[in-house]
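What's in entry34.csv: CSV, C-alpha atoms
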chain,number,residue,atom,x,y,z
A,11,MET,CA,-49.6,21.8,23.1
A,12,LYS,CA,-50.0,25.0,25.1
A,13,PRO,CA,-47.2,27.6,24.5
A,14,LYS,CA,-44.8,28.2,27.3
A,15,ASP,CA,-45.5,31.3,29.4
A,16,GLU,CA,-42.6,33.8,29.1
A,17,GLU,CA,-43.3,35.2,32.5
A,18,LYS,CA,-43.0,31.8,34.2
A,19,LEU,CA,-39.8,31.2,32.3
A,20,LYS,CA,-38.4,34.5,33.6
A,21,LYS,CA,-39.4,33.5,37.1
A,22,ILE,CA,-37.7,30.1,36.7
A,23,VAL,CA,-34.5,31.7,35.5
A,24,GLN,CA,-34.5,34.3,38.3
A,25,ALA,CA,-35.3,31.7,41.0
A,26,THR,CA,-32.5,29.5,39.7
A,27,TYR,CA,-29.9,32.3,39.8
A,28,THR,CA,-31.0,33.5,43.2
A,29,LEU,CA,-30.9,30.0,44.7
A,30,VAL,CA,-27.4,29.3,43.2
A,31,GLN,CA,-26.2,32.6,44.6
A,32,GLN,CA,-27.6,31.8,48.0
A,33,ARG,CA,-26.9,28.0,48.3
A,34,GLY,CA,-24.8,26.9,45.4
A,35,LEU,CA,-25.4,24.8,42.4
A,36,SER,CA,-24.9,21.3,43.8
A,37,ALA,CA,-27.6,21.5,46.4
A,38,LEU,CA,-30.1,22.9,44.0
A,39,THR,CA,-33.3,20.8,43.4
A,40,MET,CA,-36.1,21.1,40.9
A,41,ALA,CA,-38.6,21.3,43.7
A,42,GLU,CA,-36.8,24.3,45.3
A,43,ILE,CA,-36.6,26.1,42.0
A,44,ALA,CA,-40.3,25.6,41.4
A,45,ARG,CA,-41.2,26.7,44.9
A,46,ALA,CA,-39.0,29.9,44.5
A,47,ALA,CA,-40.5,30.6,41.1
A,48,GLY,CA,-44.0,30.2,42.5
A,49,ILE,CA,-45.0,27.3,40.3
A,50,ALA,CA,-45.7,23.6,40.7
A,51,THR,CA,-42.8,21.2,40.3
A,52,SER,CA,-44.8,19.5,37.6
A,53,THR,CA,-45.0,22.8,35.7
A,54,LEU,CA,-41.2,23.2,35.9
A,55,TYR,CA,-40.8,19.8,34.3
A,56,ILE,CA,-42.9,21.0,31.4
A,57,TYR,CA,-40.3,23.6,30.7
A,58,PHE,CA,-37.2,21.5,31.5
A,59,ASP,CA,-37.3,17.7,31.7
A,60,SER,CA,-34.4,17.6,34.2
A,61,LYS,CA,-32.0,19.7,36.3
A,62,GLN,CA,-29.3,19.1,33.7
A,63,ALA,CA,-31.6,20.4,30.9
A,64,LEU,CA,-32.4,23.5,33.0
A,65,LEU,CA,-28.8,24.3,33.9
A,66,ASP,CA,-27.7,23.7,30.3
A,67,ALA,CA,-30.3,26.0,28.9
A,68,LEU,CA,-29.7,28.7,31.4
A,69,TYR,CA,-25.9,28.6,30.8
A,70,GLN,CA,-26.4,28.9,27.0
A,71,GLN,CA,-28.8,31.8,27.5
A,72,ALA,CA,-26.5,33.6,30.1
A,73,LYS,CA,-23.3,33.0,28.1
A,74,THR,CA,-24.7,34.2,24.9
A,75,ALA,CA,-26.3,37.3,26.6
A,76,THR,CA,-23.0,38.0,28.4
A,77,PHE,CA,-21.0,37.7,25.1
A,78,ASP,CA,-23.4,40.2,23.4
A,79,ARG,CA,-23.0,42.6,26.3
A,80,LEU,CA,-19.2,42.4,26.2
A,81,ILE,CA,-18.8,43.1,22.5
A,82,ALA,CA,-21.4,45.9,22.4
A,83,ASN,CA,-20.0,49.1,20.8
A,84,GLY,CA,-16.6,47.5,20.2
A,85,ALA,CA,-16.2,47.7,16.5
A,86,PRO,CA,-13.4,45.6,14.9
A,87,ASP,CA,-11.9,48.7,13.3
A,88,MET,CA,-11.3,50.4,16.7
A,89,ALA,CA,-7.7,50.9,17.8
A,90,LEU,CA,-6.6,48.0,20.0
A,91,LYS,CA,-6.4,49.9,23.3
A,92,ALA,CA,-9.9,51.5,22.7
A,93,ARG,CA,-11.4,48.1,21.8
A,94,ILE,CA,-9.9,46.4,24.8
A,95,ARG,CA,-11.1,49.3,27.0
A,96,ARG,CA,-14.6,49.0,25.6
A,97,ILE,CA,-14.6,45.2,26.4
A,98,TRP,CA,-13.2,45.9,29.9
A,99,LEU,CA,-15.8,48.5,30.6
A,100,ASN,CA,-18.6,46.3,29.2
A,101,MET,CA,-17.4,43.4,31.4
A,102,LEU,CA,-17.3,45.6,34.4
A,103,GLU,CA,-20.9,46.8,33.7
A,104,ASN,CA,-22.0,43.2,33.2
A,105,ARG,CA,-20.5,42.1,36.5
A,106,LEU,CA,-22.1,45.0,38.4
A,107,ASN,CA,-25.5,44.6,36.8
A,108,ASN,CA,-25.8,40.8,36.6
A,109,PRO,CA,-24.1,39.4,39.7
A,110,ALA,CA,-26.4,36.4,40.1
A,111,GLU,CA,-26.0,35.4,36.5
A,112,ILE,CA,-22.2,35.7,36.8
A,113,VAL,CA,-22.2,33.5,40.0
A,114,PHE,CA,-24.4,30.9,38.2
A,115,MET,CA,-22.0,30.8,35.1
A,116,GLU,CA,-18.9,30.5,37.3
A,117,GLN,CA,-20.4,27.7,39.4
A,118,TYR,CA,-21.8,25.9,36.3
A,119,THR,CA,-18.4,25.9,34.5
A,120,SER,CA,-16.7,24.5,37.6
A,121,SER,CA,-19.2,21.8,38.2
A,122,GLN,CA,-19.9,18.3,37.0
A,123,PHE,CA,-23.0,19.7,35.2
A,124,LEU,CA,-20.9,21.4,32.5
A,125,SER,CA,-21.9,19.7,29.3
A,126,ALA,CA,-19.6,19.1,26.3
A,127,ALA,CA,-21.8,21.3,24.2
A,128,ASN,CA,-21.6,24.2,26.7
A,129,ARG,CA,-17.8,23.7,27.1
A,130,GLU,CA,-17.5,24.1,23.4
A,131,LEU,CA,-19.8,27.2,23.4
A,132,GLY,CA,-17.7,28.8,26.1
A,133,GLY,CA,-14.5,28.1,24.2
A,134,ARG,CA,-16.0,29.4,21.0
A,135,LEU,CA,-17.1,32.7,22.6
A,136,SER,CA,-13.8,33.0,24.5
A,137,ALA,CA,-11.9,32.6,21.3
A,138,PHE,CA,-13.2,35.9,20.1
A,139,PHE,CA,-11.4,37.8,22.9
A,140,SER,CA,-8.3,35.5,22.7
A,141,ASP,CA,-8.0,36.5,19.0
A,142,ILE,CA,-8.0,40.2,19.9
A,143,LEU,CA,-5.2,39.5,22.5
A,144,ILE,CA,-3.2,37.4,20.0
A,145,GLY,CA,-3.5,40.2,17.4
A,146,GLY,CA,-2.2,42.6,20.0
A,147,GLN,CA,0.7,40.4,20.7
A,148,ALA,CA,1.4,40.0,17.0
A,149,GLU,CA,1.6,43.8,16.5
A,150,GLU,CA,3.8,43.9,19.7
A,151,THR,CA,1.3,46.1,21.6
A,152,LEU,CA,0.6,43.5,24.3
A,153,LYS,CA,3.2,41.5,26.3
A,154,PRO,CA,4.5,38.4,24.6
A,155,VAL,CA,3.4,36.1,27.5
A,156,ALA,CA,1.2,33.0,27.5
A,157,LEU,CA,-2.3,34.0,26.7
A,158,PRO,CA,-3.8,32.7,30.0
A,159,PHE,CA,-1.7,35.3,31.9
A,160,LEU,CA,-3.1,38.2,29.8
A,161,THR,CA,-6.7,36.8,30.2
A,162,ALA,CA,-6.2,36.3,34.0
A,163,ILE,CA,-4.9,39.9,34.5
A,164,PHE,CA,-7.8,41.3,32.4
A,165,ALA,CA,-10.6,39.3,33.9
A,166,GLY,CA,-9.1,39.6,37.4
A,167,SER,CA,-8.9,43.3,37.3
A,168,VAL,CA,-12.6,43.5,36.2
A,169,GLN,CA,-13.7,41.1,38.9
A,170,GLU,CA,-11.8,43.0,41.7
A,171,THR,CA,-12.9,46.4,40.5
A,172,ALA,CA,-16.6,45.2,40.4
A,173,ARG,CA,-16.2,43.7,43.9
A,174,LEU,CA,-14.7,46.9,45.3
A,175,MET,CA,-17.5,49.0,43.8
A,176,ARG,CA,-20.2,46.7,45.0
A,177,GLN,CA,-18.8,46.9,48.5
A,178,ASN,CA,-18.5,50.7,48.3
A,179,VAL,CA,-14.7,50.6,48.8
A,180,LEU,CA,-14.5,52.4,45.5
A,181,PRO,CA,-17.1,54.8,44.1
A,182,ASP,CA,-18.8,53.6,40.9
A,183,ASP,CA,-17.8,56.6,38.8
A,184,GLU,CA,-15.9,57.4,35.7
A,185,ALA,CA,-12.7,58.1,37.6
A,186,SER,CA,-12.6,54.7,39.2
A,187,ARG,CA,-13.5,52.9,35.9
A,188,ALA,CA,-10.7,54.8,34.1
A,189,THR,CA,-8.2,54.0,36.8
A,190,GLY,CA,-9.2,50.4,36.9
A,191,PHE,CA,-8.8,50.0,33.1
A,192,LEU,CA,-5.5,52.0,33.1
A,193,LEU,CA,-4.0,49.7,35.7
A,194,CYS,CA,-5.1,46.7,33.7
A,195,TRP,CA,-3.7,48.2,30.5
A,196,ASP,CA,-0.4,48.9,32.1
A,197,ALA,CA,-0.2,45.3,33.2
A,198,ILE,CA,-0.8,43.8,29.8
A,199,LYS,CA,0.8,46.3,27.3
A,200,ALA,CA,4.2,45.5,26.0

Represent the structure from my file as structure tokens, please.
Amino acid sequence: MKPKDEEKLKKIVQATYTLVQQRGLSALTMAEIARAAGIATSTLYIYFDSKQALLDALYQQAKTATFDRLIANGAPDMALKARIRRIWLNMLENRLNNPAEIVFMEQYTSSQFLSAANRELGGRLSAFFSDILIGGQAEETLKPVALPFLTAIFAGSVQETARLMRQNVLPDDEASRATGFLLCWDAIKA
């Protein structure tokens, strides 16, 4: 069997992300993806035997890459505020640099295509951050509220800061990043 071409695979991934960002996940077809990637539909089926297999593989790849980006330079021995700041800044950077990938993951996790295996993967990777927040609550540094509230404030502040920067409402500079994190920290600290 001929090995799969990495360049074609990259084009398939990019075409899928772009089409999802433009049209949404539900309307996506294998023929459209192949056309946008510049390959024959039959070639696409060599790489992925179904739309479900394609979406599952792309989510696994995107979720794992995102997780690796979020934890970069965030050593477990860092002080809690510094560690949370590092994750916040990494998450902001990820949203700014990978918008199509983010849109894909958000649509996939809200769709009927979300597989049990990928639901479990998302939960396992999210548990890493939840454990940090729970530890912060245990040491009475973070507010003693239901974890989904802390997560929503954290993720929401990153999402809105990225949106404001992409729309040039806020400059993408150190001052805006510092202010965005400080407002988030003030909202979650005890």

Q | Best match for closeness to Ile198 of chain A among A:Ser125, A:Thr161, A:Ser136, A:Gln169, counting only C-alpha atoms | A |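 Under the stated criterion, the closest residue is A:Thr161.
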
**Q.** Using all atoms listed in the file: which of A:Gln62, A:Ser140, A:Thr28, A:Gln177 has the shortest distance to Ala47 of chain A
**A.**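 Closest to Ala47 of chain A, using all atoms listed in the file: A:Thr28.
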
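Within 12 Å of the file-frame point (-9.0, 40.7, 37.7), and using all atoms listed in the file, the polymer residues found are Trp98, Met101, Leu102, Arg105, Phe159, Leu160, Thr161, Ala162, Ile163, Phe164, Ala165, Gly166, Ser167, Val168, Gln169, Glu170, Thr171, Ala172, Arg173, Leu174, Gly190, Phe191, Leu193, Cys194, Trp195, Ala197 and Ile198 of chain A.
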
Q: May I ask for the distance between atom CA of Phe77 of chain A and atom CA of Ala44 of chain A, given in Å to one decimal place?
A: 28.0 Å

Q: Have a look at A:Ala46, A:Met40, A:Ile56, A:Leu68 and name the one nearest to Lys14 of chain A; count all atoms listed in the file.
A: A:Ile56

Q) Taking into account only C-alpha atoms, which residue in the set A:Ile142, A:Pro109, A:Arg95, A:Glu130 is nearest to Asp196 of chain A? A) A:Arg95

**Q.** Between atom CA of Leu99 of chain A and atom CA of Arg187 of chain A - distance in Å to one decimal
**A.**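 According to the coordinates, atom CA of Arg187 of chain A and atom CA of Leu99 of chain A are separated by 7.3 Å.
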
Q. In Å to one decimal, how far is atom CA of Asp66 of chain A from atom CA of Ala127 of chain A?
A.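 Going from atom CA of Ala127 of chain A over to atom CA of Asp66 of chain A covers 8.8 Å.
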
(Q) With distances taken over only C-alpha atoms, which residue among A:Ala75, A:Glu17, A:Leu54, A:Ser36 lies nearest Ser121 of chain A? (A)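 Ranked by minimum distance to Ser121 of chain A, first place goes to A:Ser36.
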
Q. Using only C-alpha atoms, which residue out of A:Gln32, A:Gln70, A:Gln147, A:Gln24 lies closest to Met115 of chain A?
A. A:Gln70

Incomplete segment 133-157 of chain A brought to N, CA, C and O atoms, written out as a PDB file, in the frame of the given file:
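Written file, rebuild34.pdb:
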ATOM      1  N   GLY A 133     -15.819  27.947  24.926  1.00  0.00           N
ATOM      2  CA  GLY A 133     -14.500  28.100  24.200  1.00  0.00           C
ATOM      3  C   GLY A 133     -14.654  28.889  22.951  1.00  0.00           C
ATOM      4  O   GLY A 133     -13.778  29.707  22.646  1.00  0.00           O
ATOM      5  N   ARG A 134     -15.742  28.686  22.213  1.00  0.00           N
ATOM      6  CA  ARG A 134     -16.000  29.400  21.000  1.00  0.00           C
ATOM      7  C   ARG A 134     -16.112  30.928  21.254  1.00  0.00           C
ATOM      8  O   ARG A 134     -15.520  31.762  20.572  1.00  0.00           O
ATOM      9  N   LEU A 135     -16.879  31.274  22.278  1.00  0.00           N
ATOM     10  CA  LEU A 135     -17.100  32.700  22.600  1.00  0.00           C
ATOM     11  C   LEU A 135     -15.804  33.304  23.189  1.00  0.00           C
ATOM     12  O   LEU A 135     -15.486  34.459  22.910  1.00  0.00           O
ATOM     13  N   SER A 136     -15.068  32.539  23.977  1.00  0.00           N
ATOM     14  CA  SER A 136     -13.800  33.000  24.500  1.00  0.00           C
ATOM     15  C   SER A 136     -12.752  33.247  23.461  1.00  0.00           C
ATOM     16  O   SER A 136     -11.891  34.123  23.592  1.00  0.00           O
ATOM     17  N   ALA A 137     -12.827  32.464  22.396  1.00  0.00           N
ATOM     18  CA  ALA A 137     -11.900  32.600  21.300  1.00  0.00           C
ATOM     19  C   ALA A 137     -11.911  33.971  20.665  1.00  0.00           C
ATOM     20  O   ALA A 137     -10.892  34.480  20.187  1.00  0.00           O
ATOM     21  N   PHE A 138     -13.084  34.587  20.672  1.00  0.00           N
ATOM     22  CA  PHE A 138     -13.200  35.900  20.100  1.00  0.00           C
ATOM     23  C   PHE A 138     -12.259  36.885  20.824  1.00  0.00           C
ATOM     24  O   PHE A 138     -11.518  37.629  20.187  1.00  0.00           O
ATOM     25  N   PHE A 139     -12.267  36.874  22.162  1.00  0.00           N
ATOM     26  CA  PHE A 139     -11.400  37.800  22.900  1.00  0.00           C
ATOM     27  C   PHE A 139      -9.935  37.315  22.810  1.00  0.00           C
ATOM     28  O   PHE A 139      -9.035  38.149  22.679  1.00  0.00           O
ATOM     29  N   SER A 140      -9.697  36.020  22.825  1.00  0.00           N
ATOM     30  CA  SER A 140      -8.300  35.500  22.700  1.00  0.00           C
ATOM     31  C   SER A 140      -7.727  35.999  21.359  1.00  0.00           C
ATOM     32  O   SER A 140      -6.551  36.381  21.314  1.00  0.00           O
ATOM     33  N   ASP A 141      -8.518  36.002  20.292  1.00  0.00           N
ATOM     34  CA  ASP A 141      -8.000  36.500  19.000  1.00  0.00           C
ATOM     35  C   ASP A 141      -7.611  37.931  19.036  1.00  0.00           C
ATOM     36  O   ASP A 141      -6.629  38.333  18.409  1.00  0.00           O
ATOM     37  N   ILE A 142      -8.358  38.735  19.781  1.00  0.00           N
ATOM     38  CA  ILE A 142      -8.000  40.200  19.900  1.00  0.00           C
ATOM     39  C   ILE A 142      -6.652  40.268  20.651  1.00  0.00           C
ATOM     40  O   ILE A 142      -5.775  41.036  20.232  1.00  0.00           O
ATOM     41  N   LEU A 143      -6.486  39.496  21.721  1.00  0.00           N
ATOM     42  CA  LEU A 143      -5.200  39.500  22.500  1.00  0.00           C
ATOM     43  C   LEU A 143      -4.058  39.027  21.627  1.00  0.00           C
ATOM     44  O   LEU A 143      -2.975  39.621  21.637  1.00  0.00           O
ATOM     45  N   ILE A 144      -4.265  37.961  20.903  1.00  0.00           N
ATOM     46  CA  ILE A 144      -3.200  37.400  20.000  1.00  0.00           C
ATOM     47  C   ILE A 144      -2.823  38.426  18.968  1.00  0.00           C
ATOM     48  O   ILE A 144      -1.633  38.611  18.666  1.00  0.00           O
ATOM     49  N   GLY A 145      -3.824  39.114  18.409  1.00  0.00           N
ATOM     50  CA  GLY A 145      -3.500  40.200  17.400  1.00  0.00           C
ATOM     51  C   GLY A 145      -2.703  41.277  18.064  1.00  0.00           C
ATOM     52  O   GLY A 145      -1.775  41.799  17.431  1.00  0.00           O
ATOM     53  N   GLY A 146      -3.019  41.628  19.300  1.00  0.00           N
ATOM     54  CA  GLY A 146      -2.200  42.600  20.000  1.00  0.00           C
ATOM     55  C   GLY A 146      -0.818  42.200  20.277  1.00  0.00           C
ATOM     56  O   GLY A 146       0.112  43.014  20.241  1.00  0.00           O
ATOM     57  N   GLN A 147      -0.644  40.930  20.518  1.00  0.00           N
ATOM     58  CA  GLN A 147       0.700  40.400  20.700  1.00  0.00           C
ATOM     59  C   GLN A 147       1.465  40.409  19.355  1.00  0.00           C
ATOM     60  O   GLN A 147       2.648  40.753  19.314  1.00  0.00           O
ATOM     61  N   ALA A 148       0.780  40.053  18.289  1.00  0.00           N
ATOM     62  CA  ALA A 148       1.400  40.000  17.000  1.00  0.00           C
ATOM     63  C   ALA A 148       1.899  41.381  16.533  1.00  0.00           C
ATOM     64  O   ALA A 148       2.950  41.509  15.905  1.00  0.00           O
ATOM     65  N   GLU A 149       1.135  42.434  16.888  1.00  0.00           N
ATOM     66  CA  GLU A 149       1.600  43.800  16.500  1.00  0.00           C
ATOM     67  C   GLU A 149       2.473  44.395  17.603  1.00  0.00           C
ATOM     68  O   GLU A 149       2.814  45.566  17.544  1.00  0.00           O
ATOM     69  N   GLU A 150       2.854  43.583  18.582  1.00  0.00           N
ATOM     70  CA  GLU A 150       3.800  43.900  19.700  1.00  0.00           C
ATOM     71  C   GLU A 150       3.265  45.078  20.544  1.00  0.00           C
ATOM     72  O   GLU A 150       4.036  45.849  21.111  1.00  0.00           O
ATOM     73  N   THR A 151       1.932  45.146  20.698  1.00  0.00           N
ATOM     74  CA  THR A 151       1.300  46.100  21.600  1.00  0.00           C
ATOM     75  C   THR A 151       1.102  45.495  22.976  1.00  0.00           C
ATOM     76  O   THR A 151       1.166  46.194  23.988  1.00  0.00           O
ATOM     77  N   LEU A 152       0.857  44.187  23.000  1.00  0.00           N
ATOM     78  CA  LEU A 152       0.600  43.500  24.300  1.00  0.00           C
ATOM     79  C   LEU A 152       1.833  42.584  24.583  1.00  0.00           C
ATOM     80  O   LEU A 152       2.548  42.141  23.678  1.00  0.00           O
ATOM     81  N   LYS A 153       2.020  42.333  25.859  1.00  0.00           N
ATOM     82  CA  LYS A 153       3.200  41.500  26.300  1.00  0.00           C
ATOM     83  C   LYS A 153       3.167  40.151  25.630  1.00  0.00           C
ATOM     84  O   LYS A 153       2.127  39.520  25.487  1.00  0.00           O
ATOM     85  N   PRO A 154       4.349  39.683  25.252  1.00  0.00           N
ATOM     86  CA  PRO A 154       4.500  38.400  24.600  1.00  0.00           C
ATOM     87  C   PRO A 154       4.545  37.248  25.646  1.00  0.00           C
ATOM     88  O   PRO A 154       5.552  36.548  25.759  1.00  0.00           O
ATOM     89  N   VAL A 155       3.487  37.089  26.417  1.00  0.00           N
ATOM     90  CA  VAL A 155       3.400  36.100  27.500  1.00  0.00           C
ATOM     91  C   VAL A 155       2.310  35.077  27.085  1.00  0.00           C
ATOM     92  O   VAL A 155       1.495  35.345  26.200  1.00  0.00           O
ATOM     93  N   ALA A 156       2.276  33.964  27.783  1.00  0.00           N
ATOM     94  CA  ALA A 156       1.200  33.000  27.500  1.00  0.00           C
ATOM     95  C   ALA A 156      -0.148  33.647  27.689  1.00  0.00           C
ATOM     96  O   ALA A 156      -0.379  34.424  28.630  1.00  0.00           O
ATOM     97  N   LEU A 157      -1.029  33.374  26.763  1.00  0.00           N
ATOM     98  CA  LEU A 157      -2.300  34.000  26.700  1.00  0.00           C
ATOM     99  C   LEU A 157      -3.123  33.882  28.041  1.00  0.00           C
ATOM    100  O   LEU A 157      -3.776  34.845  28.439  1.00  0.00           O
TER     101      LEU A 157
END
